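Structure first, commentary second.
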Amino acid sequence: MEFERVAGGGNVMTAPTVRRRRLGLELKRLRENAKLTLEDVGNQSGLSASKISRIESATRGARTADVERLLGIYGVTDRDSDLAKFLLILARDGGKRGWWQTYDLSPVYADLIGLEADASSVNTFEPLLIPGLLQTAAYARAVIGAMSMTATDEEIAPLVEVRMARQSTLTQPQPLKLRAIIHEAALMARTPDPGVMRDQMQRLLDLAVYPHVGIQVLPLGAELNPGGGGGFTTLGFGQPGLDVVLLEHLDSSLYIEEPTEVERYAEAYERLTASALPFDESLSLIASRKGTSA
């Protein structure tokens with residue numbers, strides 16, 4: 001859904017920065033896997049137990065030197081490993097402000113953009129809307145207006161700008177790998193101007209030519225599947241245990257970060273992939289819907 005609250009509201013999870021939270025969660029996991037208490041690590045590292053706790057809870061940042069010290073204690077001795085390099089980058093950039101932080105966005109939406117900026121892959125299932133990373137500006141404007149219900153054109157305009165800027169992750173030198181499953185119902189939605197949906201269908205067809213973008217349609221006649229529980233987005237970071245699932249509702253959003261729960265959504269996504277039309281058939285259906293949107 002990617003619902004942006006124009007002015008506050010909603011019960012959302014906030015964090016100082018996404019990078020800082022990811023770093024804290026992973027350091028806590030490594031400490032617990034090593035069966036060490038905060039006091040144990042404090043004694044070995046020279047850092048106070050309270051400082052380590054604040055790093056893990058993301059209430060304070062961590063210096064790269066501190067992270068290197070902690071990694072050694074946790075048995076991550078290869079500084080050239082993907083895990084070590086990833087965590088050190090998180091420490092280095094933990095306080096860095098992203099371009100999106102110049103906008104007045106809800107905390108959960110700012111978190112999503114930060115996660116997208118760091119992710120290597122995104123798998124998303126949308127039962128009612130075209131995913132934000134695939135939207136045209138006109139379609140985004142119509143969706144944001146419909147979801148917010150009371151927002152003015154002046155309030156909607158910067159949110160459309162943000163949504164369009166997010167799509168640069170698909171065209172950068174090392175682009176985000178995106179897999180999107182869109183329910184056929186989303187292709188049938190009506191907008192005041194039929195040309196908006198026609199152009200949106202063409203946008204999907206244009207983006208589908210990229211090798212790192214995969215688009216499938218879940219047909220109306222598909223058998224019962226895990227998609228009945230609603231849409232969700234999984235963001236991957238190339239390391240086991242670091243993936244995140246985002247669930248969105250009208251007035252609240254939730255990040256799921258527990259690896260066993262994230263794995264359930266990964267399995268659900270693969271089942272949805274099997275239930276959806278193959279890529280070529282999906283694009284044919286989109287093209288046919290484009291023809292009926294004139």
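Identifiers for the structure tokens are assigned positionally: chains receive A, B, ... in sequence, residues are indexed from 1 per chain, and ligands are indexed from 1 in the order shown.
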
Residues within 10 Å of Gly114 of chain A, only C-alpha atoms, excluding chain neighbours under 5 positions, as a list of chain:residue names: A:Thr17, A:Val18, A:Arg19, A:Arg97, A:Gly98, A:Trp99, A:Trp100, A:Gln101, A:Val108, A:Tyr109, A:Ala119, A:Arg166

Could you write those residues out with N, CA and C atoms, as a PDB file, in the first residue's frame?
ATOM      1  N   THR A  17      17.562   5.864  12.829  1.00  0.00           N
ATOM      2  CA  THR A  17      17.759   5.641  11.402  1.00  0.00           C
ATOM      3  C   THR A  17      17.625   4.153  11.161  1.00  0.00           C
ATOM      4  N   VAL A  18      17.284   3.803   9.945  1.00  0.00           N
ATOM      5  CA  VAL A  18      17.163   2.392   9.600  1.00  0.00           C
ATOM      6  C   VAL A  18      18.507   1.696   9.737  1.00  0.00           C
ATOM      7  N   ARG A  19      19.585   2.341   9.289  1.00  0.00           N
ATOM      8  CA  ARG A  19      20.903   1.708   9.344  1.00  0.00           C
ATOM      9  C   ARG A  19      21.301   1.398  10.784  1.00  0.00           C
ATOM     10  N   ARG A  97      22.052  11.321   6.915  1.00  0.00           N
ATOM     11  CA  ARG A  97      20.687  11.673   6.534  1.00  0.00           C
ATOM     12  C   ARG A  97      20.487  11.376   5.056  1.00  0.00           C
ATOM     13  N   GLY A  98      19.392  10.727   4.746  1.00  0.00           N
ATOM     14  CA  GLY A  98      19.059  10.448   3.362  1.00  0.00           C
ATOM     15  C   GLY A  98      18.319  11.620   2.729  1.00  0.00           C
ATOM     16  N   TRP A  99      18.252  11.639   1.400  1.00  0.00           N
ATOM     17  CA  TRP A  99      17.585  12.727   0.696  1.00  0.00           C
ATOM     18  C   TRP A  99      16.125  12.870   1.117  1.00  0.00           C
ATOM     19  N   TRP A 100      15.496  11.741   1.480  1.00  0.00           N
ATOM     20  CA  TRP A 100      14.079  11.735   1.824  1.00  0.00           C
ATOM     21  C   TRP A 100      13.788  12.432   3.149  1.00  0.00           C
ATOM     22  N   GLN A 101      14.822  12.633   3.969  1.00  0.00           N
ATOM     23  CA  GLN A 101      14.596  13.229   5.283  1.00  0.00           C
ATOM     24  C   GLN A 101      14.395  14.743   5.216  1.00  0.00           C
ATOM     25  N   VAL A 108       7.373   5.579   9.439  1.00  0.00           N
ATOM     26  CA  VAL A 108       7.414   4.271   8.802  1.00  0.00           C
ATOM     27  C   VAL A 108       7.731   4.391   7.307  1.00  0.00           C
ATOM     28  N   TYR A 109       7.261   5.463   6.662  1.00  0.00           N
ATOM     29  CA  TYR A 109       7.555   5.645   5.244  1.00  0.00           C
ATOM     30  C   TYR A 109       9.014   6.026   5.046  1.00  0.00           C
ATOM     31  N   ALA A 119      18.890  -1.966   0.514  1.00  0.00           N
ATOM     32  CA  ALA A 119      18.548  -3.336   0.133  1.00  0.00           C
ATOM     33  C   ALA A 119      19.154  -3.708  -1.213  1.00  0.00           C
ATOM     34  N   ARG A 166      12.140   7.715  -5.422  1.00  0.00           N
ATOM     35  CA  ARG A 166      12.452   6.358  -4.960  1.00  0.00           C
ATOM     36  C   ARG A 166      12.799   5.434  -6.126  1.00  0.00           C
TER      37      ARG A 166
END

Can you list every residue in segment 71-270 of chain A that DSSP puts in strand (DSSP E), as a short mmCIF file (atom, residue, chain, number, x, y, z; two decimals) with all heavy atoms, in the first residue's frame?
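Output file selection24.cif is given in full below:
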data_model
loop_
_atom_site.label_atom_id
_atom_site.label_comp_id
_atom_site.auth_asym_id
_atom_site.auth_seq_id
_atom_site.Cartn_x
_atom_site.Cartn_y
_atom_site.Cartn_z
N SER A 121 17.50 -6.39 -2.79
CA SER A 121 16.33 -6.94 -3.48
C SER A 121 15.06 -6.57 -2.73
O SER A 121 15.07 -6.35 -1.52
CB SER A 121 16.43 -8.47 -3.59
OG SER A 121 16.40 -9.07 -2.31
N VAL A 122 13.96 -6.51 -3.48
CA VAL A 122 12.63 -6.28 -2.91
C VAL A 122 11.66 -7.22 -3.59
O VAL A 122 11.61 -7.29 -4.83
CB VAL A 122 12.17 -4.82 -3.11
CG1 VAL A 122 10.68 -4.69 -2.82
CG2 VAL A 122 12.96 -3.87 -2.22
N ASN A 123 10.90 -7.97 -2.80
CA ASN A 123 9.80 -8.78 -3.30
C ASN A 123 8.51 -8.21 -2.72
O ASN A 123 8.39 -8.09 -1.50
CB ASN A 123 9.93 -10.24 -2.85
CG ASN A 123 11.12 -10.94 -3.47
OD1 ASN A 123 11.68 -10.46 -4.46
ND2 ASN A 123 11.53 -12.05 -2.90
N THR A 124 7.58 -7.84 -3.57
CA THR A 124 6.36 -7.21 -3.08
C THR A 124 5.13 -7.85 -3.69
O THR A 124 5.13 -8.23 -4.88
CB THR A 124 6.37 -5.69 -3.36
OG1 THR A 124 5.24 -5.09 -2.75
CG2 THR A 124 6.37 -5.39 -4.85
N PHE A 125 4.09 -8.00 -2.88
CA PHE A 125 2.79 -8.48 -3.36
C PHE A 125 1.75 -7.41 -3.06
O PHE A 125 1.62 -6.97 -1.92
CB PHE A 125 2.39 -9.78 -2.67
CG PHE A 125 0.94 -10.14 -2.89
CD1 PHE A 125 0.44 -10.34 -4.17
CD2 PHE A 125 0.06 -10.25 -1.81
CE1 PHE A 125 -0.90 -10.64 -4.38
CE2 PHE A 125 -1.28 -10.55 -2.00
CZ PHE A 125 -1.77 -10.75 -3.29
N GLU A 126 1.05 -6.96 -4.09
CA GLU A 126 0.03 -5.93 -3.93
C GLU A 126 -1.31 -6.47 -4.44
O GLU A 126 -1.44 -6.80 -5.62
CB GLU A 126 0.40 -4.67 -4.70
CG GLU A 126 1.38 -3.77 -3.98
CD GLU A 126 0.74 -3.00 -2.83
OE1 GLU A 126 -0.47 -3.21 -2.57
OE2 GLU A 126 1.45 -2.20 -2.19
N LYS A 177 17.06 -5.29 -7.25
CA LYS A 177 16.36 -6.38 -7.92
C LYS A 177 14.94 -6.42 -7.39
O LYS A 177 14.72 -6.64 -6.20
CB LYS A 177 17.07 -7.71 -7.65
CG LYS A 177 16.41 -8.89 -8.37
CD LYS A 177 17.17 -10.18 -8.12
CE LYS A 177 16.50 -11.34 -8.85
NZ LYS A 177 17.22 -12.62 -8.60
N LEU A 178 13.98 -6.18 -8.27
CA LEU A 178 12.58 -6.08 -7.86
C LEU A 178 11.75 -7.19 -8.47
O LEU A 178 11.78 -7.42 -9.69
CB LEU A 178 12.01 -4.72 -8.30
CG LEU A 178 10.51 -4.51 -8.06
CD1 LEU A 178 10.20 -4.49 -6.56
CD2 LEU A 178 10.03 -3.23 -8.73
N ARG A 179 11.02 -7.89 -7.61
CA ARG A 179 10.01 -8.84 -8.05
C ARG A 179 8.67 -8.34 -7.53
O ARG A 179 8.52 -8.08 -6.34
CB ARG A 179 10.28 -10.25 -7.50
CG ARG A 179 11.53 -10.91 -8.06
CD ARG A 179 11.84 -12.20 -7.31
NE ARG A 179 10.78 -13.19 -7.45
CZ ARG A 179 10.71 -14.30 -6.71
NH1 ARG A 179 11.63 -14.54 -5.79
NH2 ARG A 179 9.73 -15.15 -6.90
N ALA A 180 7.70 -8.20 -8.41
CA ALA A 180 6.40 -7.69 -8.02
C ALA A 180 5.31 -8.63 -8.51
O ALA A 180 5.28 -9.01 -9.68
CB ALA A 180 6.17 -6.30 -8.60
N ILE A 181 4.43 -9.03 -7.59
CA ILE A 181 3.24 -9.79 -7.93
C ILE A 181 2.05 -8.86 -7.70
O ILE A 181 1.85 -8.37 -6.59
CB ILE A 181 3.11 -11.06 -7.08
CG1 ILE A 181 4.31 -11.98 -7.32
CG2 ILE A 181 1.81 -11.80 -7.43
CD1 ILE A 181 4.32 -13.22 -6.43
N ILE A 182 1.30 -8.61 -8.74
CA ILE A 182 0.18 -7.67 -8.69
C ILE A 182 -1.10 -8.44 -8.95
O ILE A 182 -1.21 -9.15 -9.96
CB ILE A 182 0.36 -6.56 -9.74
CG1 ILE A 182 1.73 -5.88 -9.60
CG2 ILE A 182 -0.77 -5.53 -9.63
CD1 ILE A 182 2.08 -4.97 -10.77
N HIS A 183 -2.07 -8.31 -8.08
CA HIS A 183 -3.35 -8.98 -8.31
C HIS A 183 -4.05 -8.32 -9.50
O HIS A 183 -3.96 -7.10 -9.70
CB HIS A 183 -4.23 -8.89 -7.07
CG HIS A 183 -5.35 -9.90 -7.07
ND1 HIS A 183 -6.46 -9.78 -7.88
CD2 HIS A 183 -5.51 -11.05 -6.37
CE1 HIS A 183 -7.26 -10.81 -7.68
NE2 HIS A 183 -6.71 -11.60 -6.77
N VAL A 213 13.98 -6.55 -13.12
CA VAL A 213 12.58 -6.31 -12.75
C VAL A 213 11.73 -7.47 -13.25
O VAL A 213 11.70 -7.76 -14.44
CB VAL A 213 12.06 -4.98 -13.34
CG1 VAL A 213 10.57 -4.81 -13.01
CG2 VAL A 213 12.87 -3.80 -12.80
N GLY A 214 11.05 -8.13 -12.34
CA GLY A 214 10.15 -9.22 -12.70
C GLY A 214 8.74 -8.89 -12.24
O GLY A 214 8.51 -8.59 -11.07
N ILE A 215 7.78 -8.91 -13.17
CA ILE A 215 6.40 -8.56 -12.85
C ILE A 215 5.50 -9.74 -13.21
O ILE A 215 5.54 -10.25 -14.33
CB ILE A 215 5.94 -7.31 -13.62
CG1 ILE A 215 6.83 -6.11 -13.25
CG2 ILE A 215 4.47 -7.01 -13.35
CD1 ILE A 215 6.54 -4.86 -14.08
N GLN A 216 4.69 -10.17 -12.25
CA GLN A 216 3.71 -11.22 -12.47
C GLN A 216 2.34 -10.74 -12.03
O GLN A 216 2.22 -9.90 -11.13
CB GLN A 216 4.06 -12.49 -11.70
CG GLN A 216 5.27 -13.24 -12.23
CD GLN A 216 5.52 -14.50 -11.42
OE1 GLN A 216 6.28 -14.47 -10.45
NE2 GLN A 216 4.90 -15.60 -11.81
N VAL A 217 1.32 -11.28 -12.65
CA VAL A 217 -0.06 -10.96 -12.29
C VAL A 217 -0.71 -12.19 -11.67
O VAL A 217 -0.61 -13.30 -12.20
CB VAL A 217 -0.87 -10.51 -13.52
CG1 VAL A 217 -2.34 -10.30 -13.15
CG2 VAL A 217 -0.27 -9.23 -14.11
N LEU A 218 -1.34 -11.99 -10.52
CA LEU A 218 -2.12 -13.04 -9.89
C LEU A 218 -3.54 -12.92 -10.43
O LEU A 218 -4.24 -11.94 -10.14
CB LEU A 218 -2.11 -12.88 -8.37
CG LEU A 218 -2.78 -13.98 -7.55
CD1 LEU A 218 -2.01 -15.29 -7.69
CD2 LEU A 218 -2.89 -13.58 -6.08
N PHE A 232 2.19 -7.56 1.21
CA PHE A 232 3.39 -7.44 2.04
C PHE A 232 4.60 -7.23 1.15
O PHE A 232 4.58 -7.54 -0.05
CB PHE A 232 3.59 -8.68 2.93
CG PHE A 232 3.77 -9.98 2.19
CD1 PHE A 232 5.03 -10.44 1.85
CD2 PHE A 232 2.67 -10.74 1.82
CE1 PHE A 232 5.20 -11.64 1.16
CE2 PHE A 232 2.82 -11.94 1.14
CZ PHE A 232 4.09 -12.39 0.81
N THR A 233 5.66 -6.71 1.75
CA THR A 233 6.91 -6.45 1.03
C THR A 233 8.07 -6.99 1.83
O THR A 233 8.17 -6.74 3.04
CB THR A 233 7.11 -4.93 0.81
OG1 THR A 233 6.04 -4.42 0.00
CG2 THR A 233 8.44 -4.65 0.12
N THR A 234 8.94 -7.75 1.18
CA THR A 234 10.16 -8.26 1.81
C THR A 234 11.36 -7.54 1.21
O THR A 234 11.50 -7.47 -0.02
CB THR A 234 10.31 -9.77 1.60
OG1 THR A 234 9.18 -10.44 2.15
CG2 THR A 234 11.57 -10.29 2.28
N LEU A 235 12.21 -7.01 2.06
CA LEU A 235 13.43 -6.33 1.62
C LEU A 235 14.62 -7.20 2.00
O LEU A 235 14.78 -7.58 3.16
CB LEU A 235 13.55 -4.96 2.26
CG LEU A 235 12.40 -4.00 1.91
CD1 LEU A 235 11.46 -3.85 3.09
CD2 LEU A 235 12.93 -2.63 1.48
N GLY A 236 15.44 -7.55 1.01
CA GLY A 236 16.59 -8.42 1.23
C GLY A 236 17.89 -7.66 1.22
O GLY A 236 18.06 -6.67 0.48
N VAL A 244 13.84 -8.04 6.02
CA VAL A 244 12.76 -7.37 6.75
C VAL A 244 11.48 -7.48 5.94
O VAL A 244 11.50 -7.37 4.72
CB VAL A 244 13.09 -5.88 6.98
CG1 VAL A 244 11.97 -5.17 7.72
CG2 VAL A 244 14.40 -5.72 7.74
N VAL A 245 10.36 -7.69 6.63
CA VAL A 245 9.05 -7.71 5.99
C VAL A 245 8.26 -6.50 6.48
O VAL A 245 8.24 -6.20 7.68
CB VAL A 245 8.28 -9.01 6.30
CG1 VAL A 245 6.86 -8.94 5.73
CG2 VAL A 245 9.01 -10.21 5.74
N LEU A 246 7.60 -5.81 5.55
CA LEU A 246 6.75 -4.68 5.90
C LEU A 246 5.29 -5.04 5.63
O LEU A 246 4.93 -5.46 4.53
CB LEU A 246 7.12 -3.45 5.08
CG LEU A 246 6.19 -2.23 5.22
CD1 LEU A 246 6.19 -1.71 6.66
CD2 LEU A 246 6.58 -1.13 4.25
N LEU A 247 4.45 -4.87 6.66
CA LEU A 247 3.00 -5.02 6.54
C LEU A 247 2.38 -3.66 6.73
O LEU A 247 2.73 -2.94 7.68
CB LEU A 247 2.46 -5.99 7.59
CG LEU A 247 3.09 -7.39 7.66
CD1 LEU A 247 2.44 -8.20 8.77
CD2 LEU A 247 2.95 -8.11 6.33
N GLU A 248 1.45 -3.29 5.86
CA GLU A 248 0.84 -1.96 5.95
C GLU A 248 -0.68 -2.06 6.02
O GLU A 248 -1.30 -2.90 5.36
CB GLU A 248 1.22 -1.13 4.73
CG GLU A 248 2.69 -0.78 4.65
CD GLU A 248 2.97 0.12 3.48
OE1 GLU A 248 3.17 -0.41 2.39
OE2 GLU A 248 2.96 1.35 3.67
N SER A 253 1.44 0.44 10.50
CA SER A 253 2.38 -0.35 9.71
C SER A 253 3.29 -1.10 10.67
O SER A 253 3.53 -0.65 11.79
CB SER A 253 3.21 0.54 8.79
OG SER A 253 2.38 1.25 7.87
N LEU A 254 3.79 -2.23 10.22
CA LEU A 254 4.59 -3.08 11.10
C LEU A 254 5.75 -3.67 10.33
O LEU A 254 5.56 -4.20 9.22
CB LEU A 254 3.71 -4.21 11.67
CG LEU A 254 4.42 -5.29 12.48
CD1 LEU A 254 4.93 -4.71 13.80
CD2 LEU A 254 3.48 -6.47 12.74
N TYR A 255 6.95 -3.59 10.90
CA TYR A 255 8.11 -4.29 10.37
C TYR A 255 8.27 -5.60 11.12
O TYR A 255 8.24 -5.63 12.35
CB TYR A 255 9.38 -3.45 10.53
CG TYR A 255 9.49 -2.31 9.55
CD1 TYR A 255 9.38 -0.99 9.98
CD2 TYR A 255 9.70 -2.54 8.20
CE1 TYR A 255 9.47 0.07 9.10
CE2 TYR A 255 9.79 -1.50 7.31
CZ TYR A 255 9.68 -0.20 7.76
OH TYR A 255 9.76 0.84 6.87
N ILE A 256 8.47 -6.68 10.38
CA ILE A 256 8.75 -8.00 10.96
C ILE A 256 10.21 -8.31 10.67
O ILE A 256 10.64 -8.31 9.52
CB ILE A 256 7.83 -9.07 10.36
CG1 ILE A 256 6.38 -8.80 10.75
CG2 ILE A 256 8.26 -10.47 10.81
CD1 ILE A 256 5.40 -9.76 10.13
#

Every residue of segment 168-287 of chain A that DSSP places in alpha helix (DSSP H), as a VMD selection string: chain A and resid 184 to 187 194 to 207 259 to 275 279 to 287

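When only C-alpha atoms are used to measure the gap to Thr136 of chain A, the shortest distance among A:Leu38, A:Leu204, A:Ala91, A:Ala268 belongs to A:Leu204.
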
Check which residues of segment 82-188 of chain A sit at most 10 Å from segment 49-71 of chain A using only C-alpha atoms, and return one row each with the closest pair of atoms and their distance in Å to one decimal, ordered by chain and rising number, as a Markdown table.
| residue | atom | partner | partner_atom | distance |
| --- | --- | --- | --- | --- |
| A:Leu83 | CA | A:Leu71 | CA | 9.9 |
| A:Ala84 | CA | A:Leu71 | CA | 7.6 |
| A:Leu87 | CA | A:Val67 | CA | 7.8 |
| A:Leu88 | CA | A:Thr64 | CA | 5.9 |
| A:Ile89 | CA | A:Thr64 | CA | 8.3 |
| A:Leu90 | CA | A:Thr64 | CA | 8.8 |
| A:Ala91 | CA | A:Thr64 | CA | 5.5 |
| A:Arg92 | CA | A:Thr64 | CA | 6.1 |
| A:Asp93 | CA | A:Gly61 | CA | 9.6 |
| A:Gly94 | CA | A:Gly61 | CA | 6.4 |
| A:Gly95 | CA | A:Gly61 | CA | 7.0 |

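Here atom CA of Ala208 of chain A stands at a distance of 20.7 Å from atom CA of Ala117 of chain A.
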
One-decimal distance in Å that lies between atom CA of Leu129 of chain A and atom CA of Leu115 of chain A: 20.8 Å

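The interatomic distance for the pair atom CA of Val162 of chain A and atom CA of Ala138 of chain A works out to 13.3 Å.
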